>>> print(open('query.txt').read())   # compact mmCIF, C-alpha atoms
# COMPACT_ATOMS: atom_id res chain seq x y z
CA MET A 193 -146.01 -54.71 99.04
CA SER A 194 -142.72 -56.14 100.16
CA SER A 195 -139.69 -55.77 97.91
CA LEU A 196 -139.23 -58.56 95.41
CA SER A 197 -135.95 -60.40 95.30
CA ALA A 198 -133.54 -59.83 92.42
CA ALA A 199 -134.50 -63.22 90.95
CA ARG A 200 -138.28 -62.82 91.00
CA CYS A 201 -140.89 -61.59 88.56
CA ASP A 202 -144.60 -61.21 89.29
CA VAL A 203 -147.27 -61.48 86.60
CA TRP A 204 -150.87 -60.33 86.98
CA TRP A 205 -153.69 -61.38 84.64
CA ALA A 206 -156.86 -59.37 84.15
CA ALA A 207 -159.81 -59.12 81.75
CA PRO A 208 -160.87 -56.12 79.63
CA ALA A 209 -164.31 -56.39 81.25
CA LEU A 210 -162.75 -54.89 84.39
CA ALA A 211 -162.42 -51.51 82.65
CA SER A 212 -164.21 -48.69 84.47
CA PRO A 213 -164.26 -44.88 84.64
CA ALA A 214 -162.28 -45.15 87.89
CA LEU A 215 -159.46 -46.92 86.06
CA LEU A 216 -159.51 -44.42 83.23
CA ASP A 217 -159.09 -41.68 85.83
CA LEU A 218 -155.72 -43.22 86.77
CA LEU A 219 -154.30 -42.65 83.27
CA ASP A 220 -152.29 -39.53 82.54
CA GLU A 221 -153.24 -36.99 79.88
CA ALA A 222 -151.25 -38.63 77.08
CA GLU A 223 -152.65 -42.08 77.94
CA ARG A 224 -156.22 -40.79 77.95
CA ALA A 225 -155.63 -39.17 74.57
CA ARG A 226 -154.37 -42.45 73.15
CA HIS A 227 -157.27 -44.30 74.76
CA ALA A 228 -159.70 -41.98 72.98
CA ARG A 229 -158.10 -42.69 69.59
CA PHE A 230 -159.02 -46.39 69.64
CA ARG A 231 -162.09 -46.94 67.47
CA LEU A 232 -163.31 -50.17 69.05
CA PRO A 233 -164.57 -50.30 72.66
CA ALA A 234 -162.74 -53.61 73.21
CA ASP A 235 -159.43 -52.00 72.26
CA ARG A 236 -160.11 -49.08 74.58
CA ASP A 237 -160.91 -51.44 77.45
CA ARG A 238 -157.76 -53.54 76.94
CA TYR A 239 -155.60 -50.42 76.87
CA ALA A 240 -157.22 -48.84 79.94
CA VAL A 241 -156.93 -52.01 82.02
CA GLY A 242 -153.31 -52.60 81.03
CA ARG A 243 -152.08 -49.09 81.74
CA ALA A 244 -154.09 -48.64 84.94
CA LEU A 245 -152.93 -52.02 86.26
CA ALA A 246 -149.30 -51.16 85.51
CA ARG A 247 -149.65 -47.89 87.43
CA LEU A 248 -151.40 -49.53 90.38
CA LEU A 249 -148.76 -52.24 90.65
CA CYS A 250 -145.88 -49.77 90.46
CA ALA A 251 -147.55 -47.57 93.10
CA ARG A 252 -148.06 -50.52 95.42
CA ALA A 253 -144.45 -51.63 94.94
CA ALA A 254 -143.10 -48.12 95.55
CA GLY A 255 -145.50 -47.33 98.41
CA CYS A 256 -146.95 -44.24 96.77
CA HIS A 257 -150.20 -42.94 95.29
CA PRO A 258 -150.89 -44.26 91.75
CA ARG A 259 -150.95 -40.74 90.34
CA GLU A 260 -147.38 -40.22 91.53
CA VAL A 261 -146.22 -42.91 89.08
CA SER A 262 -145.27 -41.83 85.60
CA PHE A 263 -143.86 -43.75 82.65
CA LEU A 264 -141.06 -42.74 80.32
CA LEU A 265 -141.39 -44.30 76.86
CA ARG A 266 -138.11 -45.48 75.39
CA CYS A 267 -137.63 -47.26 72.09
CA GLY A 268 -134.65 -49.58 71.77
CA HIS A 269 -134.90 -49.67 67.98
CA CYS A 270 -135.08 -46.13 66.57
CA ASP A 271 -134.54 -42.48 67.43
CA ARG A 272 -137.89 -40.95 66.47
CA PRO A 273 -138.31 -37.76 68.53
CA GLU A 274 -141.86 -38.38 69.77
CA PRO A 275 -142.23 -40.51 72.93
CA HIS A 276 -142.87 -44.16 72.09
CA GLY A 277 -141.68 -47.64 72.97
CA LYS A 278 -141.49 -49.63 76.18
CA PRO A 279 -142.79 -47.89 79.34
CA HIS A 280 -140.23 -47.39 82.11
CA PRO A 281 -141.56 -46.40 85.55
CA ALA A 282 -140.40 -43.01 86.78
CA GLY A 283 -140.88 -40.98 89.95
CA PRO A 284 -141.16 -43.02 93.17
CA ALA A 285 -141.36 -46.24 91.11
CA GLU A 286 -138.08 -45.69 89.27
CA GLY A 287 -136.00 -48.87 89.27
CA TRP A 288 -138.94 -51.20 88.73
CA GLU A 289 -139.45 -52.83 85.33
CA VAL A 290 -142.82 -53.51 83.72
CA SER A 291 -144.19 -55.09 80.57
CA VAL A 292 -147.82 -54.84 79.45
CA THR A 293 -149.59 -57.17 77.02
CA HIS A 294 -153.12 -57.86 75.86
CA SER A 295 -154.95 -60.05 73.37
CA GLY A 296 -158.60 -61.03 73.22
CA GLU A 297 -159.90 -61.42 76.77
CA ARG A 298 -156.49 -61.39 78.43
CA VAL A 299 -154.56 -58.42 79.79
CA GLY A 300 -151.26 -59.03 81.56
CA VAL A 301 -148.63 -57.01 83.38
CA ALA A 302 -145.21 -58.27 84.50
CA LEU A 303 -143.32 -56.47 87.25
CA SER A 304 -139.77 -56.97 88.49
CA ARG A 305 -137.20 -54.99 90.45
CA GLY A 306 -134.26 -54.02 88.26
CA LEU A 307 -134.65 -56.90 85.78
CA PRO A 308 -135.86 -55.97 82.27
CA VAL A 309 -138.93 -58.05 81.45
CA GLY A 310 -141.03 -58.82 78.41
CA LEU A 311 -144.51 -60.36 78.62
CA ASP A 312 -146.63 -61.41 75.66
CA VAL A 313 -149.97 -63.17 75.29
CA GLU A 314 -151.55 -64.23 72.01
CA ARG A 315 -155.03 -65.53 71.29
CA VAL A 316 -154.83 -68.64 69.12
CA ALA A 317 -156.63 -67.95 65.84
CA ASP A 318 -157.48 -70.79 63.48
CA ARG A 319 -156.76 -69.10 60.17
CA ASP A 320 -154.42 -69.17 57.19
CA LEU A 321 -151.03 -68.56 58.75
CA ASP A 322 -148.89 -68.50 55.61
CA GLY A 323 -148.69 -64.71 55.44
CA LEU A 324 -147.71 -64.45 59.10
CA VAL A 325 -145.21 -67.29 58.98
CA SER A 326 -143.19 -65.65 56.23
CA TYR A 327 -142.09 -62.73 58.39
CA THR A 328 -142.29 -64.39 61.81
CA LEU A 329 -140.38 -67.68 61.64
CA THR A 330 -136.89 -68.64 60.57
CA ASP A 331 -136.41 -71.51 58.12
CA ARG A 332 -135.70 -73.94 60.95
CA GLU A 333 -138.75 -72.80 62.93
CA ARG A 334 -140.97 -73.05 59.86
CA ALA A 335 -139.77 -76.60 59.19
CA ALA A 336 -140.64 -77.58 62.77
CA LEU A 337 -144.08 -75.97 62.45
CA ASP A 338 -144.74 -77.76 59.15
CA ALA A 339 -143.93 -81.07 60.84
CA LEU A 340 -146.85 -80.64 63.24
CA ALA A 341 -150.29 -82.08 62.56
CA PRO A 342 -152.55 -79.49 60.88
CA ALA A 343 -154.72 -79.19 63.99
CA GLU A 344 -151.65 -78.34 66.09
CA ARG A 345 -150.20 -75.66 63.85
CA PRO A 346 -152.20 -72.59 65.01
CA ALA A 347 -151.29 -73.16 68.67
CA GLY A 348 -147.73 -74.00 67.66
CA PHE A 349 -147.39 -70.82 65.64
CA PHE A 350 -148.66 -68.58 68.45
CA THR A 351 -146.34 -70.34 70.90
CA TYR A 352 -143.47 -69.24 68.68
CA TRP A 353 -144.89 -65.72 68.40
CA ALA A 354 -145.41 -65.25 72.15
CA ARG A 355 -141.91 -66.47 72.99
CA LYS A 356 -140.25 -64.29 70.36
CA GLU A 357 -142.21 -61.13 71.13
CA ALA A 358 -141.60 -61.54 74.87
CA LEU A 359 -137.87 -61.62 74.16
CA LEU A 360 -137.98 -58.55 71.91
CA LYS A 361 -140.08 -56.64 74.45
CA ALA A 362 -137.61 -57.43 77.23
CA THR A 363 -134.80 -55.74 75.28
CA GLY A 364 -137.01 -52.78 74.36
CA GLN A 365 -136.84 -53.62 70.66
CA GLY A 366 -140.43 -54.75 70.27
CA LEU A 367 -141.67 -56.02 66.94
CA ALA A 368 -139.56 -53.41 65.15
CA GLY A 369 -136.57 -55.52 66.12
CA GLY A 370 -137.74 -58.23 63.71
CA LEU A 371 -139.27 -61.51 64.79
CA THR A 372 -136.87 -63.48 62.60
CA SER A 373 -133.87 -61.93 64.37
CA VAL A 374 -134.41 -64.38 67.22
CA GLU A 375 -134.88 -68.13 66.92
CA VAL A 376 -136.48 -70.19 69.68
CA SER A 377 -137.18 -73.82 70.41
CA GLY A 378 -140.24 -75.58 69.00
CA PRO A 379 -143.72 -75.61 70.57
CA HIS A 380 -143.29 -79.05 72.16
CA ALA A 381 -139.85 -78.28 73.60
CA ASP A 382 -138.95 -76.32 76.70
CA PRO A 383 -138.68 -72.62 75.83
CA ALA A 384 -135.12 -71.68 74.89
CA VAL A 385 -133.26 -69.21 72.70
CA LEU A 386 -131.44 -71.03 69.91
CA GLU A 387 -130.00 -68.02 68.10
CA TRP A 388 -130.25 -64.24 68.36
CA ARG A 389 -128.80 -62.05 65.63
CA GLY A 390 -128.15 -58.34 65.97
CA PRO A 391 -126.56 -55.86 68.37
CA ALA A 392 -129.52 -55.96 70.78
CA ALA A 393 -129.05 -59.66 71.58
CA PRO A 394 -128.61 -60.00 75.38
CA ASP A 395 -125.88 -62.13 76.90
CA ARG A 396 -128.25 -63.91 79.27
CA VAL A 397 -132.01 -64.29 79.26
CA GLN A 398 -134.58 -66.49 81.00
CA LEU A 399 -137.58 -67.55 78.91
CA VAL A 400 -140.65 -69.32 80.31
CA ASP A 401 -144.08 -70.26 79.00
CA LEU A 402 -147.10 -69.13 81.03
CA ASP A 403 -150.60 -70.56 81.29
CA ALA A 404 -153.00 -67.87 80.07
CA GLY A 405 -155.98 -70.23 79.74
CA ASP A 406 -157.56 -72.19 76.93
CA GLY A 407 -157.09 -70.67 73.51
CA TYR A 408 -154.11 -68.51 74.49
CA ARG A 409 -150.33 -68.81 74.45
CA ALA A 410 -148.15 -66.63 76.65
CA ALA A 411 -144.47 -66.24 77.46
CA LEU A 412 -142.27 -64.23 79.80
CA ALA A 413 -138.68 -63.19 79.15
CA VAL A 414 -136.43 -61.78 81.88
CA LEU A 415 -132.93 -60.45 81.22
CA ALA A 416 -131.26 -62.21 84.13
CA PRO A 417 -128.21 -64.45 84.51
CA SER A 418 -129.97 -67.18 86.50
CA PRO A 419 -133.44 -68.77 86.71
CA VAL A 420 -136.15 -66.41 87.89
CA THR A 421 -138.98 -67.27 90.26
CA VAL A 422 -142.27 -66.35 88.58
CA ALA A 423 -145.41 -65.75 90.66
CA VAL A 424 -148.76 -65.41 88.90
CA HIS A 425 -151.70 -63.43 90.35
CA ASP A 426 -155.30 -62.52 89.63
CA ALA A 427 -155.50 -58.74 89.19
CA ALA A 428 -159.29 -58.47 89.66
CA PRO A 429 -159.17 -57.51 93.38
CA LEU A 430 -156.61 -54.78 92.76
CA LEU A 431 -158.49 -53.37 89.77
CA GLY A 432 -161.67 -53.25 91.82
CA ALA A 433 -160.04 -51.06 94.48
CA PRO A 434 -160.33 -47.75 92.57
CA GLN A 435 -164.00 -48.45 91.83
CA ARG A 436 -164.72 -49.22 95.49
CA ALA A 437 -162.83 -46.10 96.50
CA CYS A 438 -165.07 -43.94 94.29
CA VAL A 439 -168.20 -45.51 95.75
CA SER A 440 -167.08 -45.33 99.38
CA GLY A 441 -165.39 -41.93 99.17
CA THR A 442 -162.04 -43.21 100.47
CA GLY A 443 -158.79 -42.12 98.90
CA LEU A 444 -157.29 -44.05 96.01
CA SER A 445 -153.97 -44.39 97.77
CA GLU A 446 -155.66 -46.03 100.73
CA ALA A 447 -157.62 -48.42 98.53
CA ALA A 448 -154.78 -49.35 96.24
CA ARG A 449 -152.09 -50.15 98.77
>>> encode(input="query.txt", output="structure tokens")
Amino acid sequence: MSSLSAARCDVWWAAPALASPALLDLLDEAERARHARFRLPADRDRYAVGRALARLLCARAAGCHPREVSFLLRCGHCDRPEPHGKPHPAGPAEGWEVSVTHSGERVGVALSRGLPVGLDVERVADRDLDGLVSYTLTDRERAALDALAPAERPAGFFTYWARKEALLKATGQGLAGGLTSVEVSGPHADPAVLEWRGPAAPDRVQLVDLDAGDGYRAALAVLAPSPVTVAVHDAAPLLGAPQRACVSGTGLSEAAR
């Protein structure tokens, strides 16, 4: 994989159905332990695909074997001693930035060189949103959501959520940073940050909406001073490489590069 420019971010979309024992074999010991703790098979599949895809992409970018890539977990919100938070590539892939997201039948990974990124996808659920709105939206955002037709409100709400979580993930804060700490433009407006309160607020950030398919809302945030070129890819061929390698007997590094 050729080096990406400083103003580029690549996003790969996959499906949980692509999970396989070959992908699980790419996870490290801690990741496999977490994978085993998920009760539902669908949650296990989403996690396995997301983490394996992140490792494969970092390995391809760094020109190394996937098992040479490790991730350091860093939280930008607290100082709990146990490893947690946003994954940062280490080893040969140090210097690359990744963000992993999943919801429903969508798994996504964003990758950039030296630019902190946050990717979020949300499945639109037609349900009572009042409980979620109270801790997700600011007063101004809630007023804009209330002004939408009832049929538009679920998609509008998850547009807000995806934009805000993408921003918080880019800074490493995650949801612990508080969704109401950042205020964004309304669902029918171009994505933009209107206000960001707190010490973690970045000076400059690029925010874009992504097409994740019918019934989903997705957004990408990149901490960069100027517009970022975003390229979107289908991850299915890459995720099939480890499976083909197991069947054919070729090495994973050869199949994944």
>>> residues_around(input="query.txt", residues="stretch 344-361 of chain A", least_positions_apart="6", cutoff="8 Å", atoms="all atoms listed in the file", output="ChimeraX atom specification")
/A:278,291,309-319,321,325,328-329,337-338,367,369,371,374-379,383,399-401,407-414
>>> closest_residue(input="query.txt", among="A:Gly390, A:Pro308, A:Gly432, A:Pro279", to="A:Thr293", atoms="only C-alpha atoms")
A:Pro279
>>> closest_atom_pairs(input="query.txt", of="stretch 270-308 of chain A", to="stretch 228-251 of chain A", cutoff="9 Å", atoms="only C-alpha atoms", output="tab-separated table")
residue	atom	partner	partner_atom	distance
A:Pro281	CA	A:Cys250	CA	7.4
A:Pro284	CA	A:Ala251	CA	7.8
A:Ala285	CA	A:Cys250	CA	5.8
A:Glu286	CA	A:Cys250	CA	8.9
A:Trp288	CA	A:Cys250	CA	7.3
A:Glu289	CA	A:Cys250	CA	8.8
A:Val290	CA	A:Ala246	CA	7.1
A:Ser291	CA	A:Ala246	CA	8.1
A:Val292	CA	A:Gly242	CA	6.1
A:Thr293	CA	A:Gly242	CA	7.1
A:His294	CA	A:Arg238	CA	6.4
A:Ser295	CA	A:Arg238	CA	7.9
A:Gly296	CA	A:Arg238	CA	8.4
A:Glu297	CA	A:Arg238	CA	8.2
A:Arg298	CA	A:Arg238	CA	8.1
A:Val299	CA	A:Gly242	CA	6.1
A:Gly300	CA	A:Gly242	CA	6.8
A:Val301	CA	A:Ala246	CA	6.3
A:Ala302	CA	A:Ala246	CA	8.3
A:Leu303	CA	A:Leu249	CA	7.7
>>> atom_distance(input="query.txt", atom1="atom CA of A:Ala199", atom2="atom CA of A:Ala254")
18.0 Å
>>> closest_residue(input="query.txt", among="A:His257, A:Leu264, A:His380, A:Gly323", to="A:Leu340", atoms="all atoms listed in the file")
A:His380
